[in-house]
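Text of final16.txt, listed as compact mmCIF, C-alpha atoms:
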```txt
# COMPACT_ATOMS: atom_id res chain seq x y z
CA MET B 14 75.91 -22.83 -30.64
CA ARG B 15 74.49 -23.18 -34.14
CA THR B 16 75.40 -21.15 -37.24
CA ILE B 17 72.21 -19.71 -38.73
CA THR B 18 71.59 -17.21 -41.51
CA ILE B 19 68.34 -15.29 -42.03
CA ILE B 20 67.57 -13.47 -45.27
CA GLY B 21 65.42 -10.41 -44.59
CA ALA B 22 65.20 -7.90 -41.75
CA GLY B 23 61.43 -7.83 -41.43
CA HIS B 24 59.31 -8.83 -38.47
CA ALA B 25 59.77 -12.62 -38.72
CA GLY B 26 63.49 -12.50 -39.46
CA LEU B 27 64.41 -9.96 -36.80
CA GLN B 28 62.29 -11.39 -34.00
CA LEU B 29 63.67 -14.86 -34.58
CA GLY B 30 67.19 -13.51 -35.03
CA CYS B 31 67.08 -11.62 -31.75
CA GLY B 32 65.81 -14.69 -29.91
CA LEU B 33 68.53 -16.91 -31.36
CA ALA B 34 71.29 -14.37 -30.73
CA ARG B 35 70.15 -13.94 -27.13
CA ALA B 36 70.33 -17.74 -26.76
CA GLY B 37 73.98 -17.68 -27.84
CA HIS B 38 73.79 -18.82 -31.46
CA ASP B 39 75.95 -17.44 -34.28
CA VAL B 40 73.31 -15.59 -36.31
CA THR B 41 73.67 -13.44 -39.42
CA ILE B 42 70.83 -11.40 -40.92
CA VAL B 43 71.21 -10.24 -44.51
CA SER B 44 69.16 -7.13 -45.32
CA ASN B 45 68.93 -4.99 -48.43
CA ARG B 46 68.48 -1.86 -46.28
CA THR B 47 70.18 -0.38 -43.24
CA ALA B 48 68.30 0.56 -40.08
CA ASP B 49 68.60 4.24 -41.02
CA GLN B 50 67.20 3.59 -44.49
CA ILE B 51 64.18 1.75 -43.06
CA GLU B 52 63.58 4.50 -40.52
CA GLY B 53 63.73 7.19 -43.19
CA GLY B 54 61.69 5.30 -45.78
CA ARG B 55 58.08 4.68 -46.67
CA ILE B 56 55.67 2.88 -44.35
CA LEU B 57 55.85 -0.89 -44.68
CA SER B 58 52.49 -2.11 -43.40
CA SER B 59 49.60 -1.53 -41.01
CA GLN B 60 50.80 -4.17 -38.47
CA SER B 61 47.81 -4.32 -36.12
CA MET B 62 48.98 -6.81 -33.52
CA TYR B 63 46.68 -8.63 -31.15
CA SER B 64 47.34 -9.51 -27.53
CA PRO B 65 48.80 -13.05 -27.96
CA ALA B 66 51.39 -11.89 -30.52
CA VAL B 67 52.43 -8.88 -28.42
CA ASP B 68 52.86 -11.21 -25.44
CA ILE B 69 55.34 -13.26 -27.53
CA GLU B 70 57.27 -10.07 -28.31
CA ARG B 71 57.47 -9.44 -24.57
CA GLU B 72 58.72 -12.98 -24.05
CA PHE B 73 61.49 -12.25 -26.58
CA GLY B 74 62.35 -9.00 -24.76
CA LEU B 75 61.35 -6.89 -27.76
CA ALA B 76 58.20 -5.02 -26.63
CA PHE B 77 59.83 -1.62 -26.25
CA TRP B 78 56.69 0.48 -26.75
CA ASP B 79 54.27 -0.64 -24.03
CA GLU B 80 54.39 2.78 -22.37
CA THR B 81 54.09 4.89 -25.53
CA CYS B 82 51.91 3.00 -28.02
CA PRO B 83 48.12 3.55 -27.73
CA PRO B 84 46.62 0.18 -26.74
CA LEU B 85 44.07 -1.60 -28.91
CA THR B 86 41.48 -2.65 -26.32
CA GLY B 87 38.25 -2.56 -28.31
CA PHE B 88 36.76 -4.16 -31.41
CA HIS B 89 34.06 -2.34 -33.36
CA ALA B 90 32.40 -3.90 -36.41
CA HIS B 91 29.82 -2.39 -38.74
CA ALA B 92 28.26 -3.88 -41.87
CA GLY B 93 25.73 -2.51 -44.33
CA THR B 94 24.42 0.92 -45.24
CA LEU B 95 21.35 2.95 -44.40
CA GLN B 96 20.50 3.21 -48.10
CA ALA B 97 20.40 -0.59 -48.39
CA GLY B 98 18.17 -0.84 -45.35
CA LEU B 99 20.71 -3.06 -43.61
CA MET B 100 22.79 -2.04 -40.64
CA VAL B 101 24.57 -4.44 -38.31
CA GLU B 102 26.87 -3.13 -35.62
CA PHE B 103 28.54 -4.34 -32.44
CA HIS B 104 31.31 -3.29 -30.10
CA THR B 105 33.23 -5.33 -27.56
CA ARG B 106 36.39 -5.32 -25.51
CA MET B 107 39.36 -7.43 -26.55
CA GLY B 108 42.74 -8.37 -25.11
CA PRO B 109 45.08 -5.38 -25.42
CA GLY B 110 47.08 -5.20 -28.62
CA GLN B 111 49.14 -2.49 -30.32
CA SER B 112 50.39 -1.21 -33.65
CA VAL B 113 53.92 0.18 -33.87
CA ASP B 114 55.09 1.65 -37.17
CA GLN B 115 57.67 -0.77 -38.55
CA ARG B 116 59.88 2.21 -39.35
CA LEU B 117 60.24 2.46 -35.56
CA LYS B 118 60.23 -1.24 -34.74
CA MET B 119 62.55 -2.76 -37.32
CA PRO B 120 65.48 -0.32 -36.84
CA ARG B 121 65.26 -0.73 -33.04
CA TRP B 122 65.24 -4.50 -33.41
CA MET B 123 68.16 -4.43 -35.87
CA ARG B 124 70.25 -2.46 -33.38
CA THR B 125 69.16 -4.75 -30.54
CA PHE B 126 70.14 -7.78 -32.64
CA GLU B 127 73.64 -6.39 -33.09
CA GLN B 128 73.89 -5.56 -29.37
CA LEU B 129 73.05 -9.21 -28.67
CA GLY B 130 76.00 -10.31 -30.82
CA GLY B 131 74.19 -10.85 -34.12
CA LYS B 132 75.75 -9.78 -37.42
CA VAL B 133 73.93 -7.68 -40.02
CA GLU B 134 75.15 -7.69 -43.62
CA ILE B 135 73.71 -5.12 -46.03
CA ARG B 136 73.31 -6.23 -49.63
CA GLU B 137 70.90 -7.70 -52.16
CA THR B 138 70.90 -11.49 -52.08
CA ASP B 139 70.84 -13.53 -55.27
CA LEU B 140 70.90 -17.26 -55.89
CA SER B 141 74.69 -17.57 -55.96
CA ASP B 142 74.93 -15.66 -52.68
CA LEU B 143 72.29 -17.93 -51.18
CA GLU B 144 74.31 -20.96 -52.26
CA ARG B 145 77.39 -19.58 -50.52
CA LEU B 146 75.43 -18.87 -47.35
CA ALA B 147 73.85 -22.32 -47.37
CA ALA B 148 77.31 -23.91 -47.68
CA SER B 149 78.65 -22.00 -44.66
CA SER B 150 75.55 -22.16 -42.41
CA GLU B 151 73.85 -25.03 -40.65
CA LEU B 152 70.44 -23.50 -41.43
CA VAL B 153 69.28 -20.78 -43.83
CA LEU B 154 65.87 -19.17 -43.32
CA VAL B 155 64.44 -16.94 -46.05
CA ALA B 156 62.10 -14.25 -44.74
CA ALA B 157 62.35 -11.98 -47.80
CA GLY B 158 63.39 -12.23 -51.40
CA LYS B 159 62.55 -11.45 -54.98
CA GLY B 160 63.59 -12.57 -58.44
CA GLU B 161 65.53 -15.83 -58.36
CA ILE B 162 65.02 -16.31 -54.64
CA SER B 163 61.24 -15.91 -54.73
CA GLN B 164 61.09 -18.52 -57.49
CA LEU B 165 62.55 -21.10 -55.09
CA PHE B 166 59.25 -21.16 -53.24
CA GLU B 167 56.54 -22.44 -55.55
CA ARG B 168 52.92 -21.40 -55.08
CA ASP B 169 51.00 -24.18 -53.32
CA SER B 170 47.98 -24.57 -55.59
CA GLN B 171 46.21 -26.90 -53.14
CA ARG B 172 46.39 -24.49 -50.22
CA SER B 173 46.14 -21.17 -52.08
CA VAL B 174 42.52 -20.11 -52.62
CA HIS B 175 43.19 -17.04 -54.78
CA GLU B 176 45.11 -16.58 -58.01
CA LYS B 177 44.77 -12.80 -58.16
CA PRO B 178 44.35 -9.84 -55.77
CA GLN B 179 41.01 -9.50 -54.02
CA ARG B 180 41.31 -5.83 -53.06
CA THR B 181 43.06 -2.62 -54.02
CA ILE B 182 44.59 -1.44 -50.76
CA ALA B 183 45.23 2.17 -49.73
CA LEU B 184 47.03 2.72 -46.43
CA THR B 185 47.29 6.11 -44.72
CA TYR B 186 48.86 7.26 -41.43
CA LEU B 187 47.03 10.26 -39.93
CA HIS B 188 47.22 12.80 -37.14
CA GLY B 189 44.17 14.73 -35.92
CA MET B 190 41.52 12.02 -36.12
CA THR B 191 38.64 12.34 -33.64
CA PRO B 192 38.92 9.40 -31.22
CA ARG B 193 36.09 7.11 -30.24
CA SER B 194 34.41 8.01 -26.96
CA ASP B 195 34.64 4.47 -25.53
CA CYS B 196 38.04 2.88 -26.15
CA GLY B 197 40.66 2.76 -28.85
CA GLY B 198 40.73 -0.36 -30.95
CA ILE B 199 40.12 -2.04 -34.26
CA ASN B 200 37.27 -0.54 -36.30
CA ILE B 201 36.00 -2.54 -39.27
CA HIS B 202 33.33 -1.05 -41.57
CA VAL B 203 31.99 -3.21 -44.39
CA HIS B 204 30.16 -1.71 -47.39
CA PRO B 205 28.89 -4.75 -49.34
CA GLY B 206 30.07 -4.80 -52.93
CA VAL B 207 32.26 -1.75 -52.38
CA GLY B 208 34.91 -2.57 -49.80
CA GLU B 209 36.06 -2.07 -46.24
CA LEU B 210 37.28 0.80 -44.08
CA ILE B 211 39.56 -0.36 -41.27
CA HIS B 212 41.21 2.01 -38.82
CA PHE B 213 42.87 1.90 -35.42
CA PRO B 214 45.26 3.88 -33.17
CA ALA B 215 48.99 3.36 -33.57
CA LEU B 216 52.42 4.81 -32.86
CA THR B 217 54.55 6.30 -35.62
CA LEU B 218 57.75 8.33 -35.95
CA THR B 219 55.94 11.51 -34.93
CA GLY B 220 53.99 10.05 -32.02
CA PRO B 221 50.50 8.56 -31.59
CA CYS B 222 48.46 8.43 -34.79
CA ASP B 223 45.68 6.55 -36.53
CA ILE B 224 46.17 4.06 -39.35
CA VAL B 225 43.50 3.92 -42.05
CA ASN B 226 43.24 1.00 -44.42
CA LEU B 227 40.82 1.22 -47.34
CA GLU B 228 40.19 -2.14 -49.03
CA ALA B 229 38.46 -1.62 -52.38
CA VAL B 230 36.68 -4.48 -54.15
CA ILE B 231 38.46 -4.94 -57.48
CA GLY B 232 36.46 -3.18 -60.20
CA GLY B 233 34.12 -1.58 -57.65
CA PRO B 234 33.42 2.12 -57.06
CA MET B 235 36.32 2.46 -54.58
CA ASP B 236 38.84 0.90 -56.96
CA ASP B 237 39.89 4.33 -58.18
CA TRP B 238 43.55 4.94 -57.35
CA ASN B 239 45.23 5.14 -60.74
CA ASP B 240 45.17 8.95 -60.85
CA VAL B 241 46.81 9.41 -57.43
CA SER B 242 50.30 10.82 -57.98
CA ASN B 243 51.36 12.54 -54.73
CA PRO B 244 50.69 12.50 -50.96
CA ALA B 245 48.12 15.32 -51.11
CA ASP B 246 46.13 13.45 -53.78
CA HIS B 247 46.33 10.26 -51.72
CA LEU B 248 44.89 12.00 -48.66
CA GLU B 249 42.15 13.70 -50.66
CA LYS B 250 41.18 10.43 -52.35
CA THR B 251 41.05 8.71 -48.95
CA LEU B 252 38.77 11.39 -47.48
CA GLN B 253 36.56 11.47 -50.57
CA GLN B 254 36.04 7.72 -50.45
CA ILE B 255 35.22 7.80 -46.74
CA ARG B 256 32.68 10.59 -47.29
CA SER B 257 31.12 8.72 -50.22
CA HIS B 258 31.08 5.13 -48.97
CA PHE B 259 31.36 5.34 -45.17
CA PRO B 260 29.58 8.64 -44.37
CA TRP B 261 28.79 7.60 -40.79
CA GLU B 262 32.53 7.80 -40.03
CA ALA B 263 33.31 10.99 -41.99
CA HIS B 264 32.96 13.31 -38.98
CA ARG B 265 36.00 11.69 -37.38
CA PHE B 266 38.21 12.74 -40.33
CA GLU B 267 37.34 16.44 -40.52
CA ASN B 268 40.67 17.71 -39.13
CA VAL B 269 43.18 15.08 -40.21
CA ARG B 270 46.59 15.49 -41.79
CA LEU B 271 49.24 13.04 -42.94
CA THR B 272 51.78 12.06 -40.31
CA ASP B 273 54.45 12.48 -43.00
CA GLU B 274 54.66 12.35 -46.78
CA LEU B 275 55.94 8.77 -46.66
CA GLY B 276 53.04 7.67 -44.47
CA ILE B 277 51.03 6.39 -47.43
CA LEU B 278 50.97 3.20 -49.46
CA ALA B 279 48.73 1.83 -52.21
CA GLY B 280 48.71 -1.37 -54.23
CA ARG B 281 47.40 -4.91 -54.49
CA VAL B 282 48.34 -8.18 -52.80
CA THR B 283 47.55 -11.67 -54.04
CA PRO B 284 46.96 -13.84 -50.96
CA THR B 285 49.37 -16.72 -51.51
CA ILE B 286 50.56 -19.82 -49.69
CA ARG B 287 53.85 -21.18 -50.97
CA LYS B 288 55.69 -24.43 -50.52
CA PRO B 289 58.14 -23.41 -47.80
CA ILE B 290 61.08 -25.66 -48.62
CA GLY B 291 63.29 -24.29 -51.38
CA THR B 292 65.89 -26.47 -53.06
CA LEU B 293 69.03 -24.78 -54.38
CA PRO B 294 70.84 -25.99 -57.55
CA SER B 295 73.37 -27.66 -55.24
CA GLY B 296 70.61 -29.71 -53.66
CA ARG B 297 70.80 -27.87 -50.33
CA SER B 298 67.50 -26.83 -48.72
CA VAL B 299 66.49 -23.41 -47.41
CA LEU B 300 63.38 -22.71 -45.39
CA GLY B 301 60.88 -19.97 -46.25
CA ILE B 302 59.29 -18.18 -43.29
CA GLY B 303 56.96 -15.22 -42.71
CA ASP B 304 55.30 -13.77 -45.81
CA VAL B 305 57.49 -15.99 -48.00
CA PHE B 306 55.43 -18.93 -46.68
CA VAL B 307 51.97 -17.47 -45.91
CA LEU B 308 51.03 -14.09 -47.40
CA ASN B 309 47.61 -12.73 -46.39
CA ASP B 310 45.68 -9.69 -47.54
CA PRO B 311 45.97 -7.17 -44.65
CA ALA B 312 42.18 -7.01 -44.10
CA THR B 313 42.36 -9.01 -40.86
CA GLY B 314 45.83 -7.87 -39.80
CA GLN B 315 47.35 -11.34 -39.66
CA GLY B 316 50.82 -10.73 -41.15
CA SER B 317 52.69 -9.41 -38.09
CA ASN B 318 50.76 -11.75 -35.81
CA ASN B 319 51.84 -14.74 -37.90
CA ALA B 320 55.42 -13.46 -37.85
CA SER B 321 55.46 -13.27 -34.06
CA ARG B 322 53.70 -16.60 -33.61
CA THR B 323 55.91 -18.54 -36.03
CA SER B 324 59.11 -16.94 -34.75
CA LYS B 325 58.44 -18.62 -31.41
CA ILE B 326 57.70 -21.97 -33.08
CA LEU B 327 60.95 -21.80 -35.05
CA PHE B 328 62.96 -20.65 -32.05
CA ASP B 329 61.62 -23.48 -29.89
CA ALA B 330 62.25 -26.04 -32.64
CA ILE B 331 65.85 -24.87 -33.12
CA GLN B 332 66.51 -24.89 -29.38
CA ALA B 333 65.01 -28.36 -28.98
CA ARG B 334 67.23 -29.72 -31.77
CA GLY B 335 70.35 -29.41 -29.65
CA ARG B 336 73.36 -30.48 -31.72
CA GLU B 337 71.40 -32.71 -34.08
CA PRO B 338 71.48 -31.68 -37.77
CA PHE B 339 68.68 -29.69 -39.36
CA ASP B 340 67.92 -32.52 -41.72
CA ALA B 341 65.00 -33.12 -44.07
CA SER B 342 62.91 -34.75 -41.34
CA TRP B 343 63.40 -31.80 -38.97
CA ILE B 344 62.62 -29.29 -41.71
CA ARG B 345 59.43 -31.11 -42.67
CA SER B 346 58.15 -31.42 -39.11
CA THR B 347 58.98 -27.75 -38.47
CA VAL B 348 57.17 -26.41 -41.52
CA ASP B 349 54.19 -28.62 -40.64
CA ALA B 350 54.09 -26.99 -37.20
CA VAL B 351 54.31 -23.51 -38.73
CA TRP B 352 51.52 -24.31 -41.19
CA GLU B 353 49.34 -25.64 -38.38
CA ALA B 354 49.83 -22.32 -36.55
CA THR B 355 49.08 -20.12 -39.59
CA ARG B 356 46.54 -21.95 -41.75
CA CYS B 357 43.56 -20.59 -39.81
CA SER B 358 44.79 -17.03 -40.35
CA ALA B 359 44.47 -17.64 -44.10
CA SER B 360 40.99 -19.12 -43.65
CA LEU B 361 39.91 -16.16 -41.52
CA THR B 362 41.18 -13.65 -44.07
CA ASN B 363 39.64 -15.49 -47.01
CA THR B 364 36.27 -15.69 -45.23
CA VAL B 365 36.30 -11.97 -44.45
CA LEU B 366 37.24 -11.10 -48.04
CA SER B 367 34.64 -13.37 -49.67
CA ARG B 368 31.89 -12.46 -47.16
CA PRO B 369 29.69 -15.58 -47.49
CA PRO B 370 26.06 -15.21 -46.31
CA HIS B 371 26.71 -16.89 -42.98
CA ALA B 372 29.33 -14.24 -42.08
CA LEU B 373 26.62 -11.56 -41.90
CA LYS B 374 24.53 -13.89 -39.74
CA VAL B 375 27.45 -14.17 -37.35
CA MET B 376 27.84 -10.40 -37.17
CA THR B 377 24.11 -10.02 -36.56
CA ALA B 378 24.32 -12.56 -33.74
CA CYS B 379 27.32 -10.70 -32.27
CA SER B 380 25.19 -7.56 -32.06
CA LYS B 381 22.73 -9.48 -29.88
CA HIS B 382 25.05 -11.63 -27.79
CA PRO B 383 27.98 -9.82 -26.10
CA ARG B 384 29.79 -13.05 -25.20
CA LEU B 385 29.76 -14.16 -28.84
CA ALA B 386 31.03 -10.71 -29.87
CA ARG B 387 33.95 -11.04 -27.45
CA GLU B 388 34.74 -14.54 -28.71
CA PHE B 389 34.66 -13.27 -32.30
CA ALA B 390 36.99 -10.34 -31.52
CA ASP B 391 39.49 -12.45 -29.60
CA GLY B 392 39.51 -14.90 -32.52
CA PHE B 393 41.42 -12.36 -34.60
CA GLY B 394 44.31 -12.85 -32.17
CA ASP B 395 43.90 -16.64 -32.23
CA PRO B 396 42.39 -17.69 -35.57
CA SER B 397 42.65 -21.36 -34.58
CA SER B 398 39.71 -20.68 -32.25
CA MET B 399 37.64 -19.45 -35.24
CA THR B 400 37.22 -22.67 -37.25
CA TRP B 401 33.47 -22.47 -36.65
CA PHE B 402 33.42 -19.16 -38.57
CA PHE B 403 34.79 -20.76 -41.73
CA ASP B 404 31.94 -23.24 -42.18
CA PRO B 405 28.24 -22.28 -42.63
CA LEU B 406 26.88 -25.22 -40.61
CA ALA B 407 29.36 -24.75 -37.76
CA ALA B 408 28.56 -21.02 -37.70
CA GLU B 409 24.84 -21.77 -37.39
CA GLN B 410 25.55 -24.16 -34.54
CA LYS B 411 27.71 -21.55 -32.80
CA ILE B 412 24.95 -18.95 -33.08
CA GLU B 413 22.38 -21.41 -31.73
CA SER B 414 24.62 -22.22 -28.78
CA TYR B 415 24.50 -18.58 -27.71
CA ALA B 416 20.81 -18.18 -28.43
```
Would you kindly transcribe this structure into structure tokens?
Amino acid sequence: MRTITIIGAGHAGLQLGCGLARAGHDVTIVSNRTADQIEGGRILSSQSMYSPAVDIEREFGLAFWDETCPPLTGFHAHAGTLQAGLMVEFHTRMGPGQSVDQRLKMPRWMRTFEQLGGKVEIRETDLSDLERLAASSELVLVAAGKGEISQLFERDSQRSVHEKPQRTIALTYLHGMTPRSDCGGINIHVHPGVGELIHFPALTLTGPCDIVNLEAVIGGPMDDWNDVSNPADHLEKTLQQIRSHFPWEAHRFENVRLTDELGILAGRVTPTIRKPIGTLPSGRSVLGIGDVFVLNDPATGQGSNNASRTSKILFDAIQARGREPFDASWIRSTVDAVWEATRCSASLTNTVLSRPPHALKVMTACSKHPRLAREFADGFGDPSSMTWFFDPLAAEQKIESYA
């Protein structure tokens, strides 16, 4: 049995904590909010999870919503506008995924963690507290933090592509949306120079719903959220932008309403990759995981998928260590394995956000070749299979192979 402390009760911290507690380790999770506070609070994310990541949750015994969450079994992509004379569209099946409101998921996982013998401590963590925890634990993993703690993990300038946000993001949970006639799934609509509309079925506190993510190009015509001051304004702004910039989808939003007044979120995220090994003043090391290590814009839905994927890598590495110390060599090899598993998610997201010319060529080819469309869709669940999409020459070769 190892003594392990995890800072943060988000997806990465809780999934790993539950796995370690089930395996018999002495695990403590420090959270700044109780399960009840998370459940009664504002939405945390859009968390569209693809089939491979959901399978890992099942392996950990944490997929509690298979019977109630609407499955994500389709992938629909649309780029261009009629006015511009350009319209590319394709639809394909994909391995079944799901999106469960983290206000449902995290409280259930926190209670499961305690049932498995894990300890939850509720408080804000500062540097002195982290020092104390590092002195009494064999391993400290940091899955959340701000202020002094966030400064432990320096931005990796060689791996980070962006220095500022690429989109203004507006997230909305809705009831009453008209469903697609084929199958529920991920819908991505790209308006060049303006932004993206992404929506998909999900499960929230009040039952099945749809999650809508508007990604506005900074400084573009959709980047207009400064005057939104309440939930009604947020909903009206969302509908107005859909009618103006994605009119082909507007009919599906004619009878919508907010799931709840806390089912909205707006802001900006700077996609950032940090150096995951933090050194405390004492010289002890702590390991950054989840969004502390790799933070993506939510455009491709990689955050929760990375959390699930890397939780398994960390769990397996801890189990394989036996009684050997978590020394510098182990930490370095472990973070290298985590980076190898997540780096392609960052490349996928950056490619989608920057929209290089070859990306449109790929989408056009997907509209003509169903097998390529399926490969493209499944690549969102396994970005390591998408390296060809990140390079113009490799993308051309991929298209030619299907032609």
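For the pair atom CA of Gly131 of chain B and atom CA of Thr355 of chain B, the interatomic distance is 27.3 Å.
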At a cut-off of 12 Å, can you tabulate as a Markdown table every residue of segment 269-361 of chain B near segment 232-242 of chain B together with its closest atom pair and the distance in Å to one decimal, using all atoms listed in the file and ordering rows by chain then number?
```
| residue | atom | partner | partner_atom | distance |
| --- | --- | --- | --- | --- |
| B:Ile277 | CA | B:Val241 | CA | 11.3 |
| B:Leu278 | CA | B:Val241 | CA | 10.9 |
| B:Ala279 | CA | B:Trp238 | CA | 7.9 |
| B:Gly280 | CA | B:Trp238 | CA | 8.7 |
| B:Arg281 | CA | B:Asp236 | CA | 10.6 |
```
| query | Of the residues B:Ala386, B:Val153, B:Leu27, B:Cys379, which is the one nearest to Leu293 of chain B, using all atoms listed in the file? | reply |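 Counting all atoms listed in the file, the residue closest to Leu293 of chain B is B:Val153.
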Determine, counting all atoms listed in the file, which protein, DNA and RNA residues have an atom within 9 Å of an atom of segment 64-73 of chain B; residues of the same chain fewer than 6 positions away are not included. Present the result as an mmCIF file with C-alpha atoms, in the coordinates of the input.
```
data_model
loop_
_atom_site.group_PDB
_atom_site.id
_atom_site.type_symbol
_atom_site.label_atom_id
_atom_site.label_comp_id
_atom_site.auth_asym_id
_atom_site.auth_seq_id
_atom_site.Cartn_x
_atom_site.Cartn_y
_atom_site.Cartn_z
ATOM 1 C CA GLN B 28 62.290 -11.390 -34.000
ATOM 2 C CA LEU B 29 63.670 -14.860 -34.580
ATOM 3 C CA CYS B 31 67.080 -11.620 -31.750
ATOM 4 C CA GLY B 32 65.810 -14.690 -29.910
ATOM 5 C CA ARG B 35 70.150 -13.940 -27.130
ATOM 6 C CA LEU B 85 44.070 -1.600 -28.910
ATOM 7 C CA MET B 107 39.360 -7.430 -26.550
ATOM 8 C CA GLY B 108 42.740 -8.370 -25.110
ATOM 9 C CA PRO B 109 45.080 -5.380 -25.420
ATOM 10 C CA GLY B 110 47.080 -5.200 -28.620
ATOM 11 C CA GLN B 111 49.140 -2.490 -30.320
ATOM 12 C CA SER B 317 52.690 -9.410 -38.090
ATOM 13 C CA ASN B 318 50.760 -11.750 -35.810
ATOM 14 C CA ASN B 319 51.840 -14.740 -37.900
ATOM 15 C CA ALA B 320 55.420 -13.460 -37.850
ATOM 16 C CA SER B 321 55.460 -13.270 -34.060
ATOM 17 C CA ARG B 322 53.700 -16.600 -33.610
ATOM 18 C CA SER B 324 59.110 -16.940 -34.750
ATOM 19 C CA LYS B 325 58.440 -18.620 -31.410
ATOM 20 C CA ASP B 391 39.490 -12.450 -29.600
ATOM 21 C CA GLY B 394 44.310 -12.850 -32.170
ATOM 22 C CA ASP B 395 43.900 -16.640 -32.230
#
```
| query | Looking at B:Arg46, B:Arg124, B:His38, B:Arg297, which one is nearest to Arg145 of chain B, with distances taken over only C-alpha atoms? | reply |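 Result for the nearest residue to Arg145 of chain B: B:Arg297.
You can rank B:Thr313, B:Ser163, B:Thr105, B:Thr217 by their closest distance to Arg384 of chain B using only C-alpha atoms, and at the top of that list sits B:Thr105.
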| request: For each of B:Thr94, B:Asn45, B:Ser61, B:Thr292, take the minimum atom-to-atom distance to Gln164 of chain B, counting all atoms listed in the file, then give the residue where this is smallest. | output: B:Thr292
Using only the atoms of segment 233-251 of chain B listed in the file, plus 5 Å on each side, state the axis-aligned box centre and edge lengths in Å rounded to one decimal, as AutoDock Vina command-line options.
```
--center_x 42.4 --center_y 6.9 --center_z -54.8 --size_x 27.9 --size_y 26.9 --size_z 22.2
```
| task | Could you tell me how far atom CA of Pro120 of chain B lies from atom CA of Asp49 of chain B, in Å and to one decimal? | result |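 Rounded to one decimal, the two atoms are 6.9 Å apart.
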| query | Which of these residues is nearest to Pro83 of chain B, using all atoms listed in the file: B:Gly301, B:Pro221, B:Gly291, B:Pro192? | reply |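 Of all the options, B:Pro221 lies closest to Pro83 of chain B.
The gap separating atom CA of His91 of chain B from atom CA of Glu409 of chain B is 20.1 Å, in Å to one decimal.
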| Contact residues around Leu154 of chain B with all atoms listed in the file at 12 Å, ignoring same-chain residues under 2 positions, as a VMD selection string | chain B and resid 16 to 22 25 to 27 29 to 30 40 to 43 143 146 to 147 150 to 152 156 to 158 162 289 to 291 298 to 303 305 to 306 324 327 to 328 331 339 344 348
| message | Could you list, as number ranges by chain, every residue within 10 Å of Gly314 of chain B, counting all atoms listed in the file and ignoring same-chain residues fewer than 4 positions away? | response | B: 58-63, 199, 211, 309-310, 318-319, 358, 362, 393-394
| Spatial sel., origin (47.3, 3.8, -48.1), limit 10 Å, all atoms listed in the file, listed as a count of residues only | 24
| From the set B:Ser112, B:Phe88, B:Met14, B:Arg55, which residue has the shortest atom-to-atom contact distance to Ala76 of chain B, counting only C-alpha atoms? | B:Ser112
| said: Given the point (56.1, 6.6, -23.9) in the coordinates of this file, which residues lie within 12 Å, counting only C-alpha atoms, and how would they look as JSON, numbers by chain? | reply: {"B": [77, 78, 79, 80, 81, 82, 83, 84, 216, 217, 220, 221]}
